[in-house]
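Scroll down for the structure; my scribbles are underneath it.
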Amino acid sequence: MIPAEFDYTAPASLEEAISALRQGGEDAKLLAGGHSLLPLMKLRLAAPSLLVDLRRVPGLAGVARGNGTWRIGALTPHAVLEHTPELGVVSAAAATIADPQVRNRGTIGGSLVHGDPASDLPAVMMACEASVTVQGPSGQRTIPALELFQGYMETALAADEVLTEVRMPVLDGWGFGYEKFNRRSEDWAMVAVSAVVNARDGTCEDVRVGLTNMGSVPLRAPAVEEALRGKQLDAESIAAAAEQAAEGTDPPADLNASAEYKRHLARVLCRRALEKAAGLSS
Amino acid sequence: MSKTVPVHLRVNGVEHQLDAEPRLLLVHALRDHLGLTGTHVGCDTSNCGACTVHFNGQPVKSCTVLAVQADGVEVTTIEGMAKDGELHPLQEAFWNDHGLQCGYCTPGMIMAAAGLLERNPNPSEHEVRHALEGNLCRCTGYHNIVKAVLDAAKTKGATVSAQREVSA
Ligand SMILES: Cc1cc2nc3c(=O)[nH]c(=O)nc-3n(C[C@H](O)[C@H](O)[C@H](O)COP(=O)(O)OP(=O)(O)OC[C@H]3O[C@@H](n4cnc5c(N)ncnc54)[C@H](O)[C@@H]3O)c2cc1C
Ligand code: FES
Ligand code: FES
């Protein structure tokens, strides 16, 4: 399968990339790892007239930590996150994406801007309360992950904006769990649940739960969080809270699972993820 | 045909200069332009791993990479694995352990396994299976493939320690 014809440019600076995007108009697209865009182009489900490849733009890849914040460059491949265990739940989730070859090419920026609710990193970014830095013709702005995903595969970025960096609070001392359910190891999640828990003396001081593929956008599970915050963390309190994981969700049925089955998965995976995050299982 | 662009590839240590459309996929550049047909096309949808090559030492699926994206990258294909007439330990092990039947998946399997051994020279059986999740084989049932990778790790380890003894 061969993509439709397109023009190609690989500018050497962010400014040039943004102006190329602008001049290219609405059919111009950024190219990062290409592991969402190229498959769509090969199937002719996407046919951009111009690809603006970010590969030569300096300073967009890498993971750094300072002042209580992780800074992850947009072009950082999933494999680097996987092999940075200090990133906790982000590393655990990245390790479940597809297979090693895909993780060597796919990038965090591409995954977030593609905005597929079945992708692993979007809901994890919401659970970690990360934010993204984007650069456009009129300057830079920051978008919290909680406001990034606007609709099915639709984000708050404008067509001429580039996501340059993800910023995420360091969650040292927090427990985490990532539970993903799929039929084959390479597949996208049927449902996945991410949990981060800050416990002191067995009491849950704070907790955040992210839901993957439980709606047209990635979600948090506020009912679970409220049920657990301030409670003693044990098998009973976790099981009771996890019962509310599907509260308020409207997951679309697909080839693999009915909506009801997805709700069931959300409850079970939520319990397992919280048990891991609370250190009750490994 | 749309505009062509100059594409500079470095494959198995050899430089190549092509004039190609930007939509040319790396796997087709390797097979059709450079004649390196050891890299196969199986699914053409990023699933099967038959097209796996190394990008600066890391396995990637070349059916999902544009040739222009490989500019400035060191690409290694299965043809670059044997050195000085000696098979790579993985090739040797696949041969000895009957790690192939029709052979269609084999170049991709070997390139994916080489990526694993580079990072983890002593993998467990579980780690080998995990690292080969992106590679499908329709013939072998995987058993002998996994065995071959584990055996290659042992002999590779042996070569490394033998070299250490010599240099010590
Ligand atoms: C076989 C297969 C299995 C997969 N399985 C999973 C899985 O289980 N879980 C999962 O989460 N993902 C999965 N993926 C998707 C993979 O993680 C993609 O790599 C990722 O979603 C997109 O990242 P990319 O760098 O490849 O983006 P690209 O494909 O290059 O781009 C994707 C979109 O984002 C835009 N974009 C890219 N970078 C930027 C930027 N910096 N700023 C603004 N816009 C940008 C592009 O214009 C495009 O619209 C799979 C992919 C394949 C091929
Ligand atoms: S041909 Fe590339 S993954 Fe199957
Ligand atoms: S040996 Fe035939 S596909 Fe693997």
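Labeling convention for the structure tokens: chains A, B, ... as they appear, residues from 1 per chain, ligands from 1 in order of appearance.
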
Which residues are near ligand 3 in this structure, taking near to mean any atom at most 8 Å from a ligand atom and counting only C-alpha atoms and all ligand atoms? Format them as a PDB file with N, CA and C atoms, in the first residue's frame.
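Contents of selection11.pdb, as written:
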```pdb
ATOM      1  N   GLY B  99      15.072 -22.907  13.648  1.00  0.00           N
ATOM      2  CA  GLY B  99      14.220 -21.786  14.039  1.00  0.00           C
ATOM      3  C   GLY B  99      13.423 -21.223  12.879  1.00  0.00           C
ATOM      4  N   LEU B 100      13.378 -21.927  11.768  1.00  0.00           N
ATOM      5  CA  LEU B 100      12.579 -21.460  10.635  1.00  0.00           C
ATOM      6  C   LEU B 100      12.048 -22.640   9.844  1.00  0.00           C
ATOM      7  N   GLN B 101      10.924 -22.378   9.182  1.00  0.00           N
ATOM      8  CA  GLN B 101      10.421 -23.371   8.229  1.00  0.00           C
ATOM      9  C   GLN B 101      10.409 -22.729   6.845  1.00  0.00           C
ATOM     10  N   CYS B 102       9.379 -21.927   6.535  1.00  0.00           N
ATOM     11  CA  CYS B 102       9.398 -21.293   5.204  1.00  0.00           C
ATOM     12  C   CYS B 102      10.418 -20.169   5.134  1.00  0.00           C
ATOM     13  N   GLY B 103      10.748 -19.573   6.283  1.00  0.00           N
ATOM     14  CA  GLY B 103      11.772 -18.528   6.315  1.00  0.00           C
ATOM     15  C   GLY B 103      11.278 -17.121   6.071  1.00  0.00           C
ATOM     16  N   TYR B 104       9.976 -16.977   5.844  1.00  0.00           N
ATOM     17  CA  TYR B 104       9.485 -15.635   5.490  1.00  0.00           C
ATOM     18  C   TYR B 104       9.678 -14.635   6.632  1.00  0.00           C
ATOM     19  N   CYS B 105       9.407 -15.084   7.848  1.00  0.00           N
ATOM     20  CA  CYS B 105       9.483 -14.172   9.003  1.00  0.00           C
ATOM     21  C   CYS B 105      10.900 -14.008   9.516  1.00  0.00           C
ATOM     22  N   THR B 106      11.833 -14.882   9.052  1.00  0.00           N
ATOM     23  CA  THR B 106      13.125 -15.033   9.713  1.00  0.00           C
ATOM     24  C   THR B 106      13.984 -13.764   9.742  1.00  0.00           C
ATOM     25  N   LEU B 136       5.353 -11.917  13.732  1.00  0.00           N
ATOM     26  CA  LEU B 136       4.473 -13.080  13.587  1.00  0.00           C
ATOM     27  C   LEU B 136       5.161 -14.150  12.742  1.00  0.00           C
ATOM     28  N   CYS B 137       4.979 -15.405  13.155  1.00  0.00           N
ATOM     29  CA  CYS B 137       5.446 -16.540  12.365  1.00  0.00           C
ATOM     30  C   CYS B 137       4.269 -17.463  12.143  1.00  0.00           C
ATOM     31  N   ARG B 138       4.014 -17.810  10.889  1.00  0.00           N
ATOM     32  CA  ARG B 138       2.858 -18.674  10.591  1.00  0.00           C
ATOM     33  C   ARG B 138       3.245 -20.144  10.557  1.00  0.00           C
ATOM     34  N   CYS B 139       4.521 -20.460  10.718  1.00  0.00           N
ATOM     35  CA  CYS B 139       4.955 -21.857  10.541  1.00  0.00           C
ATOM     36  C   CYS B 139       5.359 -22.540  11.837  1.00  0.00           C
ATOM     37  N   THR B 140       6.245 -21.914  12.592  1.00  0.00           N
ATOM     38  CA  THR B 140       7.016 -22.679  13.582  1.00  0.00           C
ATOM     39  C   THR B 140       6.322 -22.884  14.913  1.00  0.00           C
ATOM     40  N   TYR B 142       6.759 -20.784  17.109  1.00  0.00           N
ATOM     41  CA  TYR B 142       7.667 -19.941  17.904  1.00  0.00           C
ATOM     42  C   TYR B 142       8.661 -20.709  18.780  1.00  0.00           C
TER      43      TYR B 142
END
```

Residue contacts of A:Ala266 (8 Å, only C-alpha atoms) excluding same-chain residues fewer than 3 positions away, as a list in words: Val191, Ala192, Val193, Leu211, Met214, Ala245, Ala246, Lys262, Arg263, Leu269 and Cys270 of chain A

Within-7 Å residues of ligand 2, basis only C-alpha atoms and all ligand atoms, as a tab-separated table (two decimals) with N, CA, C and O atoms, in the first residue's frame:
```
chain	number	residue	atom	x	y	z
B	40	HIS	N	11.54	-8.39	4.18
B	40	HIS	CA	10.29	-8.83	3.54
B	40	HIS	C	9.12	-7.90	3.86
B	40	HIS	O	9.15	-7.19	4.86
B	41	VAL	N	8.10	-7.97	3.01
B	41	VAL	CA	6.82	-7.31	3.30
B	41	VAL	C	5.81	-8.42	3.58
B	41	VAL	O	5.56	-9.26	2.71
B	42	GLY	N	5.27	-8.42	4.78
B	42	GLY	CA	4.27	-9.43	5.12
B	42	GLY	C	2.90	-8.80	5.11
B	42	GLY	O	2.14	-8.91	4.14
B	43	CYS	N	2.58	-8.09	6.18
B	43	CYS	CA	1.23	-7.55	6.35
B	43	CYS	C	1.06	-6.18	5.70
B	43	CYS	O	-0.03	-5.80	5.32
B	44	ASP	N	2.15	-5.42	5.61
B	44	ASP	CA	2.11	-4.05	5.11
B	44	ASP	C	1.27	-3.13	6.01
B	44	ASP	O	0.85	-2.06	5.59
B	45	THR	N	0.97	-3.56	7.23
B	45	THR	CA	0.15	-2.74	8.15
B	45	THR	C	0.79	-2.62	9.53
B	45	THR	O	0.09	-2.49	10.53
B	46	SER	N	2.10	-2.72	9.63
B	46	SER	CA	2.86	-2.53	10.88
B	46	SER	C	2.60	-3.59	11.93
B	46	SER	O	2.89	-3.38	13.10
B	47	ASN	N	2.09	-4.73	11.54
B	47	ASN	CA	1.78	-5.76	12.54
B	47	ASN	C	2.77	-6.92	12.59
B	47	ASN	O	3.09	-7.40	13.67
B	48	CYS	N	3.24	-7.41	11.44
B	48	CYS	CA	3.88	-8.73	11.41
B	48	CYS	C	5.37	-8.70	11.67
B	48	CYS	O	5.95	-9.72	12.02
B	49	GLY	N	6.04	-7.57	11.45
B	49	GLY	CA	7.47	-7.48	11.74
B	49	GLY	C	8.38	-8.09	10.69
B	49	GLY	O	9.61	-8.08	10.87
B	50	ALA	N	7.84	-8.61	9.56
B	50	ALA	CA	8.71	-9.21	8.53
B	50	ALA	C	9.66	-8.18	7.94
B	50	ALA	O	10.72	-8.51	7.41
B	51	CYS	N	9.28	-6.90	8.04
B	51	CYS	CA	10.05	-5.81	7.43
B	51	CYS	C	11.02	-5.17	8.41
B	51	CYS	O	11.54	-4.08	8.14
B	52	THR	N	11.26	-5.80	9.56
B	52	THR	CA	12.08	-5.18	10.61
B	52	THR	C	13.53	-4.97	10.16
B	52	THR	O	14.18	-5.90	9.68
B	61	LYS	N	9.90	-1.09	12.07
B	61	LYS	CA	9.19	-1.72	10.96
B	61	LYS	C	9.30	-0.83	9.72
B	61	LYS	O	8.70	0.25	9.68
B	62	SER	N	10.04	-1.29	8.72
B	62	SER	CA	10.38	-0.40	7.60
B	62	SER	C	9.22	-0.20	6.63
B	62	SER	O	9.32	0.63	5.73
B	63	CYS	N	8.10	-0.91	6.84
B	63	CYS	CA	6.90	-0.63	6.03
B	63	CYS	C	6.18	0.59	6.56
B	63	CYS	O	5.23	1.06	5.95
B	64	THR	N	6.60	1.11	7.71
B	64	THR	CA	5.93	2.24	8.34
B	64	THR	C	6.92	3.39	8.56
B	64	THR	O	6.80	4.16	9.50
```

Interface list for chain A, partner chain B, 8 Å threshold, only C-alpha atoms, as a list in words: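 The contacting residues on chain A are Met1, Ile2, Pro3, Ala4, Glu5, Phe6, Asp7, Tyr8, Gly34, His35, Leu38, Pro39, Arg55, Ala98, Asp99, Pro100, Gln101, Val102, Asn104, Arg105, Ser185 and Glu186 of chain A.
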
I need the residues of stretch 46-231 of chain A that end up classed as strand (DSSP E) by DSSP on the backbone, written out as a PDB file with C-alpha atoms, in the first residue's frame.
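out-v3.pdb was written with the following content:
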```
ATOM      1  CA  LEU A  50       2.319  18.412   2.738  1.00  0.00           C
ATOM      2  CA  LEU A  51       4.195  16.597   5.501  1.00  0.00           C
ATOM      3  CA  VAL A  52       6.329  18.726   7.805  1.00  0.00           C
ATOM      4  CA  ASP A  53       8.756  16.279   9.380  1.00  0.00           C
ATOM      5  CA  VAL A  63      13.526  13.327  29.451  1.00  0.00           C
ATOM      6  CA  ALA A  64      14.770  15.704  32.163  1.00  0.00           C
ATOM      7  CA  ARG A  65      13.873  16.227  35.794  1.00  0.00           C
ATOM      8  CA  GLY A  66      14.168  19.422  37.829  1.00  0.00           C
ATOM      9  CA  THR A  69       8.813  18.513  37.361  1.00  0.00           C
ATOM     10  CA  TRP A  70       9.462  16.009  34.602  1.00  0.00           C
ATOM     11  CA  ARG A  71      10.010  17.561  31.183  1.00  0.00           C
ATOM     12  CA  ILE A  72       9.501  15.167  28.305  1.00  0.00           C
ATOM     13  CA  GLY A  73      10.263  16.346  24.763  1.00  0.00           C
ATOM     14  CA  SER A 131       0.351  19.730  30.849  1.00  0.00           C
ATOM     15  CA  VAL A 132       1.671  20.270  27.350  1.00  0.00           C
ATOM     16  CA  THR A 133       3.578  23.217  25.935  1.00  0.00           C
ATOM     17  CA  VAL A 134       2.583  24.183  22.423  1.00  0.00           C
ATOM     18  CA  GLN A 135       4.155  26.695  20.080  1.00  0.00           C
ATOM     19  CA  GLY A 136       2.304  28.463  17.291  1.00  0.00           C
ATOM     20  CA  GLY A 139       3.761  32.304  20.604  1.00  0.00           C
ATOM     21  CA  GLN A 140       3.725  29.668  23.276  1.00  0.00           C
ATOM     22  CA  ARG A 141       0.927  28.445  25.517  1.00  0.00           C
ATOM     23  CA  THR A 142       0.351  25.691  28.043  1.00  0.00           C
ATOM     24  CA  ILE A 143      -2.616  23.323  27.928  1.00  0.00           C
ATOM     25  CA  PRO A 144      -3.422  21.093  30.922  1.00  0.00           C
ATOM     26  CA  PHE A 149      -8.794  16.112  24.577  1.00  0.00           C
ATOM     27  CA  GLN A 150     -11.869  17.780  23.138  1.00  0.00           C
ATOM     28  CA  GLY A 151     -13.596  15.073  21.153  1.00  0.00           C
ATOM     29  CA  GLU A 154      -9.679  15.965  18.416  1.00  0.00           C
ATOM     30  CA  THR A 155      -7.395  18.060  20.619  1.00  0.00           C
ATOM     31  CA  VAL A 162       3.381  22.220  17.496  1.00  0.00           C
ATOM     32  CA  LEU A 163       3.418  20.345  20.786  1.00  0.00           C
ATOM     33  CA  THR A 164       6.980  20.786  22.021  1.00  0.00           C
ATOM     34  CA  GLU A 165       7.041  19.405  25.544  1.00  0.00           C
ATOM     35  CA  VAL A 166       5.079  17.555  28.204  1.00  0.00           C
ATOM     36  CA  ARG A 167       5.475  18.724  31.809  1.00  0.00           C
ATOM     37  CA  MET A 168       4.462  16.492  34.645  1.00  0.00           C
ATOM     38  CA  PRO A 169       4.758  16.804  38.419  1.00  0.00           C
ATOM     39  CA  GLY A 175       2.267   4.220  44.245  1.00  0.00           C
ATOM     40  CA  PHE A 176       1.023   3.409  40.773  1.00  0.00           C
ATOM     41  CA  GLY A 177      -0.633   0.705  38.744  1.00  0.00           C
ATOM     42  CA  TYR A 178      -1.403   0.316  35.039  1.00  0.00           C
ATOM     43  CA  GLU A 179      -3.784  -2.421  33.962  1.00  0.00           C
ATOM     44  CA  LYS A 180      -4.511  -2.929  30.286  1.00  0.00           C
ATOM     45  CA  PHE A 181      -6.742  -5.585  28.816  1.00  0.00           C
ATOM     46  CA  VAL A 191     -10.004  -0.928  28.292  1.00  0.00           C
ATOM     47  CA  ALA A 192      -7.092   0.228  30.453  1.00  0.00           C
ATOM     48  CA  VAL A 193      -7.000   1.854  33.877  1.00  0.00           C
ATOM     49  CA  SER A 194      -4.173   3.898  35.375  1.00  0.00           C
ATOM     50  CA  ALA A 195      -4.028   4.674  39.081  1.00  0.00           C
ATOM     51  CA  VAL A 196      -1.665   6.816  41.175  1.00  0.00           C
ATOM     52  CA  VAL A 197      -2.039   6.860  44.950  1.00  0.00           C
ATOM     53  CA  ASN A 198      -0.355   8.952  47.618  1.00  0.00           C
ATOM     54  CA  ALA A 199      -0.692   7.115  50.922  1.00  0.00           C
ATOM     55  CA  ARG A 200       0.468   8.032  54.404  1.00  0.00           C
ATOM     56  CA  THR A 203      -4.457   6.288  54.558  1.00  0.00           C
ATOM     57  CA  CYS A 204      -5.164   7.519  51.053  1.00  0.00           C
ATOM     58  CA  GLU A 205      -4.164  11.205  50.976  1.00  0.00           C
ATOM     59  CA  ASP A 206      -4.725  11.577  47.258  1.00  0.00           C
ATOM     60  CA  VAL A 207      -5.627   9.352  44.342  1.00  0.00           C
ATOM     61  CA  ARG A 208      -6.179   9.799  40.625  1.00  0.00           C
ATOM     62  CA  VAL A 209      -7.584   7.292  38.206  1.00  0.00           C
ATOM     63  CA  GLY A 210      -7.446   7.483  34.393  1.00  0.00           C
ATOM     64  CA  LEU A 211      -9.660   5.508  31.995  1.00  0.00           C
ATOM     65  CA  THR A 212      -8.536   4.468  28.511  1.00  0.00           C
ATOM     66  CA  LEU A 219     -11.339  10.124  31.097  1.00  0.00           C
ATOM     67  CA  ARG A 220     -10.746  10.383  34.817  1.00  0.00           C
TER      68      ARG A 220
END
```

What do you get as a VMD selection string if you pick all residues at most 6 Å from ligand 1, counting only C-alpha atoms and all ligand atoms? (chain A and resid 29 to 37 74 97 to 98 102 106 to 107 109 to 111 113 to 114 119 to 121 162 to 164 187 to 188) or (chain B and resid 46 to 47)

Within 10 Å of B:Asn12 using only C-alpha atoms, minus same-chain residues under 2 positions, as a PyMOL selection string: chain B and resi 9-10+14-15+54+74-81

Selected residues written out with all heavy atoms, as a short mmCIF file (atom, residue, chain, number, x, y, z; two decimals), in the first residue's frame:
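As a result, out-v2.cif now contains:
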```
data_model
loop_
_atom_site.label_atom_id
_atom_site.label_comp_id
_atom_site.auth_asym_id
_atom_site.auth_seq_id
_atom_site.Cartn_x
_atom_site.Cartn_y
_atom_site.Cartn_z
N LEU B 9 20.79 7.52 1.75
CA LEU B 9 20.66 6.39 2.68
C LEU B 9 22.03 5.80 2.97
O LEU B 9 22.89 5.73 2.09
CB LEU B 9 19.78 5.29 2.07
CG LEU B 9 18.30 5.61 1.85
CD1 LEU B 9 17.61 4.42 1.20
CD2 LEU B 9 17.62 5.94 3.19
N ARG B 10 22.20 5.36 4.21
CA ARG B 10 23.40 4.61 4.56
C ARG B 10 22.94 3.25 5.09
O ARG B 10 22.35 3.15 6.17
CB ARG B 10 24.19 5.37 5.63
CG ARG B 10 25.53 4.77 5.93
CD ARG B 10 26.31 5.62 6.94
NE ARG B 10 27.33 4.82 7.57
CZ ARG B 10 28.54 4.61 7.04
NH1 ARG B 10 28.88 5.17 5.91
NH2 ARG B 10 29.41 3.82 7.67
N VAL B 14 27.09 1.16 3.63
CA VAL B 14 27.29 1.65 2.26
C VAL B 14 26.37 2.85 2.00
O VAL B 14 25.19 2.82 2.34
CB VAL B 14 27.00 0.53 1.23
CG1 VAL B 14 27.25 1.03 -0.20
CG2 VAL B 14 27.84 -0.70 1.54
N GLU B 15 26.93 3.91 1.41
CA GLU B 15 26.13 5.12 1.12
C GLU B 15 25.41 4.96 -0.22
O GLU B 15 25.97 4.43 -1.17
CB GLU B 15 27.06 6.34 0.99
CG GLU B 15 28.08 6.50 2.10
CD GLU B 15 27.50 7.20 3.32
OE1 GLU B 15 26.46 7.86 3.18
OE2 GLU B 15 28.10 7.06 4.41
N HIS B 54 17.18 -2.32 11.37
CA HIS B 54 17.66 -1.48 12.47
C HIS B 54 17.84 -0.05 12.02
O HIS B 54 18.36 0.21 10.93
CB HIS B 54 18.99 -2.01 13.01
CG HIS B 54 18.83 -3.24 13.85
ND1 HIS B 54 19.83 -3.74 14.61
CD2 HIS B 54 17.76 -4.05 14.04
CE1 HIS B 54 19.40 -4.83 15.25
NE2 HIS B 54 18.15 -5.04 14.91
N GLU B 74 21.82 5.33 10.38
CA GLU B 74 22.53 4.11 10.06
C GLU B 74 21.50 2.97 9.98
O GLU B 74 20.95 2.58 11.00
CB GLU B 74 23.55 3.84 11.17
CG GLU B 74 24.53 2.75 10.92
CD GLU B 74 25.64 3.17 9.95
OE1 GLU B 74 26.16 4.31 10.07
OE2 GLU B 74 25.96 2.36 9.08
N VAL B 75 21.23 2.49 8.77
CA VAL B 75 20.25 1.41 8.60
C VAL B 75 21.00 0.09 8.47
O VAL B 75 21.99 0.00 7.74
CB VAL B 75 19.37 1.65 7.34
CG1 VAL B 75 18.42 0.48 7.12
CG2 VAL B 75 18.59 2.95 7.46
N THR B 76 20.53 -0.92 9.20
CA THR B 76 21.11 -2.26 9.04
C THR B 76 20.00 -3.23 8.66
O THR B 76 18.94 -3.23 9.28
CB THR B 76 21.77 -2.74 10.35
OG1 THR B 76 22.62 -1.72 10.83
CG2 THR B 76 22.57 -4.02 10.13
N THR B 77 20.26 -4.03 7.63
CA THR B 77 19.29 -5.06 7.22
C THR B 77 19.91 -6.43 7.50
O THR B 77 21.09 -6.53 7.86
CB THR B 77 18.98 -4.95 5.72
OG1 THR B 77 20.16 -5.32 4.98
CG2 THR B 77 18.55 -3.53 5.34
N ILE B 78 19.13 -7.46 7.26
CA ILE B 78 19.62 -8.82 7.49
C ILE B 78 20.90 -9.08 6.70
O ILE B 78 21.80 -9.79 7.16
CB ILE B 78 18.51 -9.87 7.14
CG1 ILE B 78 18.92 -11.28 7.57
CG2 ILE B 78 18.14 -9.82 5.67
CD1 ILE B 78 18.98 -11.49 9.04
N GLU B 79 21.04 -8.43 5.53
CA GLU B 79 22.24 -8.63 4.70
C GLU B 79 23.49 -8.09 5.39
O GLU B 79 24.61 -8.46 5.02
CB GLU B 79 22.08 -7.94 3.34
CG GLU B 79 21.10 -8.60 2.38
CD GLU B 79 19.68 -8.06 2.51
OE1 GLU B 79 19.38 -7.39 3.52
OE2 GLU B 79 18.85 -8.32 1.61
N GLY B 80 23.29 -7.22 6.39
CA GLY B 80 24.45 -6.63 7.07
C GLY B 80 24.84 -7.38 8.33
O GLY B 80 25.71 -6.93 9.07
N MET B 81 24.19 -8.51 8.61
CA MET B 81 24.46 -9.19 9.88
C MET B 81 25.68 -10.11 9.84
O MET B 81 26.45 -10.16 10.80
CB MET B 81 23.22 -10.00 10.32
CG MET B 81 22.01 -9.14 10.63
SD MET B 81 22.31 -7.96 11.97
CE MET B 81 21.90 -8.96 13.40
#
```

Restricting the calculation to only C-alpha atoms: of B:Gly57, B:Gly85, B:Pro107, B:Pro123, which residue gets closest to B:Val73?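 For B:Val73, the nearest of the given residues is B:Gly57.
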
Run DSSP on the backbone and give me the residues of chain B it puts in helix (DSSP H, G or I), as a ChimeraX atom specification. /B:26-33,62-64,67-70,78-80,89-96,106-119,125-131,143-167

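For the atom pair formed by atom CA of A:Leu228 and atom CA of A:Ala240, the distance is 8.7 Å, given to one decimal.
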
Using atom CA of B:Thr39 and atom CA of A:Pro48 as the two end points, give the distance in Å to one decimal. 27.9 Å
